[in-house]
file structure_21.cif (mmCIF, C-alpha atoms and all ligand atoms)
data_upload
loop_
_atom_site.label_atom_id
_atom_site.label_comp_id
_atom_site.auth_asym_id
_atom_site.auth_seq_id
_atom_site.Cartn_x
_atom_site.Cartn_y
_atom_site.Cartn_z
CA MET A 151 -92.22 -46.02 145.55
CA ILE A 152 -92.81 -43.00 143.32
CA LYS A 153 -91.45 -42.45 139.83
CA LEU A 154 -88.94 -39.61 139.85
CA VAL A 155 -87.46 -37.32 137.25
CA ARG A 156 -83.77 -36.68 137.69
CA PRO A 157 -82.79 -33.08 136.89
CA ARG A 158 -79.44 -32.00 135.47
CA LEU A 159 -76.95 -30.78 138.01
CA PRO A 160 -75.49 -27.26 137.89
CA SER A 161 -72.49 -27.49 135.54
CA GLU A 162 -69.93 -26.69 138.27
CA LEU A 163 -71.16 -29.54 140.43
CA GLU A 164 -71.31 -31.86 137.43
CA SER A 165 -67.67 -31.02 136.62
CA GLU A 166 -66.58 -31.62 140.21
CA LEU A 167 -68.23 -35.07 140.23
CA LEU A 168 -66.47 -35.91 136.99
CA ARG A 169 -63.14 -34.73 138.40
CA LEU A 170 -63.58 -36.95 141.47
CA THR A 171 -64.50 -39.92 139.26
CA GLN A 172 -61.36 -39.35 137.20
CA GLU A 173 -59.30 -39.23 140.41
CA LEU A 174 -60.79 -42.57 141.43
CA ALA A 175 -60.18 -44.06 138.01
CA GLY A 176 -56.49 -43.23 138.48
CA THR A 177 -56.19 -45.46 141.55
CA ALA A 178 -55.30 -49.15 141.51
CA ILE A 179 -58.39 -51.34 141.12
CA VAL A 180 -57.66 -53.31 144.32
CA GLU A 181 -57.57 -50.09 146.38
CA ARG A 182 -60.43 -48.33 144.65
CA THR A 183 -63.27 -49.16 147.06
CA GLU A 184 -61.24 -48.11 150.08
CA HIS A 185 -60.17 -44.96 148.29
CA ALA A 186 -63.77 -44.19 147.35
CA ASP A 187 -64.81 -44.51 151.00
CA ARG A 188 -62.07 -42.09 152.07
CA MET A 189 -62.90 -39.60 149.34
CA TRP A 190 -66.62 -39.72 150.21
CA GLU A 191 -65.75 -38.69 153.79
CA ARG A 192 -63.31 -35.96 152.75
CA LYS A 193 -64.18 -32.62 154.35
CA THR A 194 -64.13 -30.71 151.07
CA VAL A 195 -66.27 -33.39 149.39
CA ARG A 196 -68.83 -33.23 152.21
CA ARG A 197 -69.01 -29.45 151.87
CA ASP A 198 -68.72 -28.92 148.11
CA VAL A 199 -70.28 -32.09 146.72
CA TYR A 200 -72.31 -34.07 149.25
CA ARG A 201 -74.28 -31.07 150.57
CA PRO A 202 -75.17 -29.56 147.17
CA VAL A 203 -76.00 -33.01 145.72
CA LYS A 204 -78.27 -33.65 148.71
CA ASP A 205 -79.98 -30.29 148.10
CA VAL A 206 -80.74 -31.27 144.49
CA LEU A 207 -81.99 -34.70 145.59
CA GLU A 208 -84.26 -33.10 148.20
CA GLY A 209 -85.79 -30.98 145.45
CA MET A 210 -86.19 -34.05 143.25
CA ALA A 211 -87.80 -36.15 146.00
CA PRO A 212 -91.56 -36.08 146.38
CA GLY A 213 -92.80 -34.43 149.54
CA LEU A 214 -90.57 -33.26 152.35
CA ASP A 215 -87.39 -35.28 152.64
CA CYS A 216 -89.17 -38.39 151.40
CA CYS A 217 -87.01 -41.48 151.18
CA MET A 218 -86.88 -42.49 147.51
CA TYR A 219 -87.20 -46.17 148.45
CA CYS A 220 -89.73 -46.51 151.27
CA GLY A 221 -91.43 -43.10 151.10
CA ASN A 222 -91.15 -42.09 154.76
CA HIS A 223 -90.26 -38.48 155.49
CA LEU A 224 -86.99 -39.15 157.31
CA ALA A 225 -84.58 -39.20 154.38
CA ASP A 226 -81.28 -37.78 155.54
CA THR A 227 -78.56 -39.55 153.56
CA VAL A 228 -77.28 -39.65 150.01
CA ASP A 229 -77.47 -43.30 148.99
CA HIS A 230 -75.48 -45.09 146.32
CA PHE A 231 -77.99 -47.11 144.30
CA VAL A 232 -75.17 -49.45 143.27
CA PRO A 233 -73.08 -49.57 146.48
CA LYS A 234 -69.52 -48.23 146.47
CA SER A 235 -68.37 -51.72 147.42
CA ARG A 236 -69.87 -53.09 144.18
CA CYS A 237 -68.73 -50.38 141.83
CA ALA A 238 -66.45 -47.73 143.30
CA LEU A 239 -66.41 -45.83 140.03
CA ARG A 240 -70.08 -44.97 140.57
CA THR A 241 -69.37 -43.22 143.88
CA PHE A 242 -69.57 -39.79 142.26
CA TYR A 243 -71.83 -40.74 139.35
CA TRP A 244 -74.95 -38.56 139.52
CA PRO A 245 -77.41 -41.18 138.11
CA ASN A 246 -76.26 -43.51 140.93
CA LEU A 247 -77.22 -41.15 143.76
CA LEU A 248 -80.58 -41.19 145.52
CA LEU A 249 -81.98 -39.79 148.77
CA ALA A 250 -82.69 -42.42 151.43
CA CYS A 251 -83.66 -42.71 155.07
CA SER A 252 -81.05 -44.28 157.31
CA THR A 253 -83.29 -47.33 157.81
CA CYS A 254 -83.27 -48.13 154.09
CA ASN A 255 -79.66 -47.08 153.62
CA SER A 256 -78.05 -48.68 156.66
CA ARG A 257 -80.39 -51.27 158.06
CA PHE A 258 -82.02 -52.84 155.04
CA LYS A 259 -80.20 -52.03 151.83
CA ARG A 260 -76.62 -51.69 153.02
CA ASP A 261 -74.39 -53.45 150.50
CA GLN A 262 -77.08 -55.84 149.35
CA HIS A 263 -77.55 -55.22 145.71
CA ARG A 264 -78.07 -57.97 143.23
CA GLY A 265 -77.37 -57.05 139.69
CA ASP A 266 -77.21 -58.93 136.45
CA GLY A 267 -74.00 -57.09 135.65
CA LEU A 268 -73.01 -53.59 136.64
CA VAL A 269 -75.59 -51.82 134.55
CA GLY A 270 -78.67 -54.00 134.87
CA SER A 271 -79.92 -54.03 138.41
CA LEU A 272 -82.42 -56.18 140.21
CA LEU A 273 -83.52 -53.30 142.40
CA VAL A 274 -86.16 -50.84 141.17
CA ASP A 275 -84.52 -47.47 140.52
CA PRO A 276 -87.30 -44.86 140.90
CA ALA A 277 -85.37 -42.40 138.73
CA ARG A 278 -84.94 -44.89 135.90
CA ASP A 279 -87.72 -47.50 136.14
CA ASP A 280 -91.47 -47.08 136.42
CA PRO A 281 -92.14 -48.53 139.91
CA ASN A 282 -95.73 -49.31 138.86
CA GLU A 283 -94.40 -51.96 136.49
CA HIS A 284 -92.79 -53.81 139.40
CA LEU A 285 -94.58 -52.89 142.61
CA ASP A 286 -98.23 -52.92 143.55
CA LEU A 287 -99.33 -51.16 146.73
CA GLY A 288 -102.47 -52.46 148.46
CA LEU A 289 -104.26 -49.30 149.58
CA GLU A 290 -106.24 -50.93 152.38
CA SER A 291 -103.40 -53.11 153.67
CA GLY A 292 -100.52 -50.68 153.08
CA MET A 293 -98.50 -53.68 151.88
CA TYR A 294 -96.44 -53.85 148.73
CA ARG A 295 -96.45 -56.93 146.54
CA ALA A 296 -94.45 -57.62 143.41
CA VAL A 297 -96.24 -57.30 140.10
CA GLU A 298 -96.56 -60.82 138.72
CA GLY A 299 -93.34 -61.99 137.19
CA SER A 300 -91.25 -59.04 138.44
CA ARG A 301 -88.10 -60.26 140.18
CA LYS A 302 -87.09 -56.64 140.60
CA GLY A 303 -90.31 -55.94 142.49
CA GLN A 304 -89.85 -58.82 144.93
CA TRP A 305 -86.20 -58.07 145.47
CA THR A 306 -86.94 -54.39 146.16
CA ILE A 307 -89.61 -55.30 148.72
CA ASP A 308 -87.18 -57.66 150.50
CA VAL A 309 -84.01 -55.55 150.31
CA CYS A 310 -85.64 -52.25 151.24
CA GLY A 311 -87.93 -53.84 153.84
CA LEU A 312 -90.93 -52.12 152.29
CA ASN A 313 -93.38 -54.19 154.33
CA GLU A 314 -91.35 -54.19 157.55
CA GLY A 315 -92.24 -52.67 160.91
CA LYS A 316 -94.80 -49.90 161.01
CA ARG A 317 -94.51 -49.03 157.33
CA PRO A 318 -97.71 -50.83 156.18
CA ARG A 319 -99.71 -49.28 159.02
CA ALA A 320 -98.38 -45.81 158.22
CA ARG A 321 -99.45 -46.26 154.57
CA GLU A 322 -102.87 -47.50 155.67
CA ARG A 323 -103.27 -44.27 157.66
CA ALA A 324 -102.01 -42.20 154.74
CA TRP A 325 -104.74 -43.79 152.58
CA ARG A 326 -107.41 -42.88 155.11
CA SER A 327 -106.21 -39.30 155.46
CA LEU A 328 -105.98 -38.99 151.66
CA GLY A 329 -109.74 -39.57 151.44
CA GLY A 330 -110.34 -36.66 153.85
CA ASP A 331 -107.96 -34.39 151.94
CA LEU A 332 -109.62 -35.19 148.61
CA LYS A 333 -113.06 -34.30 149.96
CA GLU A 334 -111.69 -31.13 151.56
CA TRP A 335 -110.15 -30.16 148.21
CA ALA A 336 -113.53 -30.72 146.49
CA ARG A 337 -115.31 -28.53 149.08
CA ALA A 338 -112.72 -25.79 148.63
CA ARG A 339 -113.20 -25.95 144.84
CA ALA A 340 -116.99 -25.76 145.17
CA ASP A 341 -116.60 -22.64 147.35
CA GLY A 342 -113.95 -21.10 145.10
CA ARG A 343 -111.37 -21.11 147.93
CA LEU A 344 -108.22 -21.30 145.79
CA ASP A 345 -105.76 -20.99 148.68
CA ASP A 346 -107.41 -23.89 150.49
CA MET A 347 -107.31 -25.97 147.30
CA ARG A 348 -103.57 -25.31 147.01
CA TYR A 349 -103.08 -26.17 150.68
CA CYS A 350 -104.86 -29.53 150.22
CA ILE A 351 -102.70 -30.34 147.18
CA TRP A 352 -99.57 -29.41 149.12
CA ARG A 353 -100.66 -31.63 152.02
CA MET A 354 -101.39 -34.62 149.76
CA ARG A 355 -98.07 -34.27 147.95
CA ASP A 356 -95.97 -33.64 151.02
CA GLN A 357 -97.38 -36.12 153.49
CA PRO A 358 -95.14 -38.99 154.58
CA PHE A 359 -95.78 -42.07 152.49
CA ALA A 360 -97.03 -39.99 149.57
CA ASP A 361 -96.53 -43.20 147.56
CA VAL A 362 -100.08 -44.03 148.70
CA CYS A 363 -101.43 -40.95 146.93
CA TYR A 364 -99.55 -41.72 143.70
CA ALA A 365 -100.56 -45.39 143.81
CA ALA A 366 -104.23 -44.38 144.25
CA LEU A 367 -104.01 -42.00 141.27
CA HIS A 368 -102.45 -44.76 139.16
CA LYS A 369 -105.00 -47.38 140.18
CA ALA A 370 -108.01 -45.09 139.68
CA VAL A 371 -107.45 -45.05 135.91
CA SER A 372 -106.25 -48.65 135.57
CA VAL A 373 -108.28 -51.35 133.80
CA ASN A 374 -108.99 -53.07 137.13
CA ALA A 375 -110.13 -49.89 138.87
CA ASP A 376 -113.74 -51.02 139.38
CA SER A 377 -112.73 -54.13 141.31
CA ILE A 378 -109.91 -52.38 143.24
CA PHE A 379 -112.20 -49.62 144.50
CA ILE A 380 -115.35 -51.74 144.95
CA ASP A 381 -115.62 -50.90 148.67
CA VAL A 382 -114.38 -47.30 148.41
CA ASP A 383 -116.59 -44.22 148.63
CA PRO A 384 -117.46 -43.43 144.96
CA ARG A 385 -116.83 -39.70 145.63
CA ILE A 386 -113.18 -40.51 146.41
CA VAL A 387 -112.82 -42.58 143.23
CA ALA A 388 -114.37 -39.76 141.16
CA LEU A 389 -111.93 -37.28 142.69
CA LEU A 390 -108.96 -39.53 141.97
CA ARG A 391 -110.07 -39.40 138.32
CA ASP A 392 -110.74 -35.67 138.33
CA GLU A 393 -108.58 -34.09 135.65
CA GLU A 394 -107.98 -30.83 137.49
CA LEU A 395 -106.89 -32.64 140.64
CA ARG A 396 -104.70 -35.09 138.75
CA ALA A 397 -103.01 -32.25 136.88
CA SER A 398 -102.25 -30.47 140.17
CA LEU A 399 -100.85 -33.58 141.83
CA LEU A 400 -98.97 -35.02 138.88
CA GLN A 401 -97.42 -31.84 137.49
ZN ZN B 1 -86.46 -45.42 153.43
#

call {"tool": "encode", "arguments": {"input": "structure_21.cif", "output": "structure tokens"}}
result
Amino acid sequence: MIKLVRPRLPSELESELLRLTQELAGTAIVERTEHADRMWERKTVRRDVYRPVKDVLEGMAPGLDCCMYCGNHLADTVDHFVPKSRCALRTFYWPNLLLACSTCNSRFKRDQHRGDGLVGSLLVDPARDDPNEHLDLGLESGMYRAVEGSRKGQWTIDVCGLNEGKRPRARERAWRSLGGDLKEWARARADGRLDDMRYCIWRMRDQPFADVCYAALHKAVSVNADSIFIDVDPRIVALLRDEELRASLLQ
């Protein structure tokens, strides 16, 4: 999972979301969830709200259509971080909307969402929390584990199925291909091939499971870096610490 920065919406879209929330607030509490479901499917809402919100989320997501939970490149739905069934009034609340793949949205996450109240959540929100404080990605294994003591981390791994199916193997491959891209970037820099350097950066940022790249950058400057990268080619570790490369990838 990658830390995200949520941009402001265009003011017209922001106003429309507020108007829809006010409409919902005017309905009886017992009917609100059902009403929210119907409004979400409304033709005009799909066209004037859902589509433009999805466009903004796609720009906010790392890589190409990367799911904000699992990091694959198949994100195609606007997800309610706190499900409509838990808090209908957040159906059109911009900070509650994320981009997700249908596997995370429908198969794993669905309506499962434990919260210690409506505001505090036990799921890591990549646009609010720093995922590195809760989740640790093993680069060689491609498996996530919860940072010690983080209930949020463990719950996110379980609810979003972060270690399910082929996801760990895909991350393991992403780690291997990252090494090749880093060395290719270094060769391009040595030869002064600026276009090729940009292409390598683009590929590293846009690859599916780009969470591997961001986790590697985070780990390379952590206090435990020497033990984490003990079996890794030192050239790769040096590149992960290279200021020019880090600036390009983390801008
Ligand atoms: Zn996903």

call {"tool": "residues_near_ligand", "arguments": {"input": "structure_21.cif", "ligand": "ligand ZN 1 (chain B)", "cutoff": "10 Å", "atoms": "only C-alpha atoms and all ligand atoms", "output": "count of residues only"}}
result
29

call {"tool": "atom_distance", "arguments": {"input": "structure_21.cif", "atom1": "CA of Asp361 in chain A", "atom2": "CA of Tyr243 in chain A"}}
result
26.1 Å

call {"tool": "closest_residue", "arguments": {"input": "structure_21.cif", "among": "A:Ile152, A:Ala336, A:Val203, A:Leu214", "to": "Trp244 in chain A", "atoms": "all atoms listed in the file"}}
result
A:Val203

call {"tool": "closest_residue", "arguments": {"input": "structure_21.cif", "among": "A:Ala370, A:Val155, A:Met189, A:Leu248", "to": "Arg169 in chain A", "atoms": "all atoms listed in the file"}}
result
A:Met189

call {"tool": "residues_near_point", "arguments": {"input": "structure_21.cif", "point": "(-67.2, -34.6, 144.3)", "cutoff": "6 Å", "atoms": "all atoms listed in the file", "output": "PyMOL selection string"}}
result
chain A and resi 166-167+170+195+199

call {"tool": "closest_residue", "arguments": {"input": "structure_21.cif", "among": "A:Leu389, A:Tyr349, A:Val382, A:Val297", "to": "Leu332 in chain A", "atoms": "all atoms listed in the file"}}
result
A:Leu389

call {"tool": "atom_distance", "arguments": {"input": "structure_21.cif", "atom1": "CA of Glu290 in chain A", "atom2": "CA of Glu322 in chain A"}}
result
5.8 Å

call {"tool": "residues_around", "arguments": {"input": "structure_21.cif", "residues": "range 178-183 of chain A", "least_positions_apart": "4", "cutoff": "10 Å", "atoms": "only C-alpha atoms", "output": "list in words"}}
result
Leu174, Asp187, Arg188, Met189, Pro233, Lys234, Ser235, Arg236, Cys237, Ala238, Leu239 and Thr241 of chain A

call {"tool": "closest_residue", "arguments": {"input": "structure_21.cif", "among": "A:Asp381, A:Pro157, A:Thr306, A:His185", "to": "Ala211 in chain A", "atoms": "all atoms listed in the file"}}
result
A:Pro157

call {"tool": "axis_aligned_box", "arguments": {"input": "structure_21.cif", "around": "range 165-181 of chain A", "padding_each_side": "3 Å", "output": "AutoDock Vina command-line options"}}
result
--center_x -61.8 --center_y -42.2 --center_z 141.5 --size_x 18.9 --size_y 28.3 --size_z 15.8

call {"tool": "atom_distance", "arguments": {"input": "structure_21.cif", "atom1": "CA of Cys350 in chain A", "atom2": "CA of Leu328 in chain A"}}
result
9.6 Å

call {"tool": "residues_around", "arguments": {"input": "structure_21.cif", "residues": "range 278-287 of chain A", "least_positions_apart": "4", "cutoff": "6 Å", "atoms": "only C-alpha atoms", "output": "list in words"}}
result
Lys153, Met293, Tyr294, Arg295, Ala296, Val297, Ser300 and Gly303 of chain A

call {"tool": "closest_residue", "arguments": {"input": "structure_21.cif", "among": "A:Arg158, A:Lys302, A:Arg321, A:His230", "to": "Ala360 in chain A", "atoms": "all atoms listed in the file"}}
result
A:Arg321

call {"tool": "residues_near_point", "arguments": {"input": "structure_21.cif", "point": "(-75.5, -45.4, 138.4)", "cutoff": "8 Å", "atoms": "only C-alpha atoms", "output": "list in words"}}
result
His230, Phe231, Val232, Arg240, Tyr243, Trp244, Pro245, Asn246, Leu247 and Val269 of chain A

call {"tool": "closest_residue", "arguments": {"input": "structure_21.cif", "among": "A:Val274, A:Ser291, A:Pro358, A:Ser327", "to": "Asp308 in chain A", "atoms": "all atoms listed in the file"}}
result
A:Val274
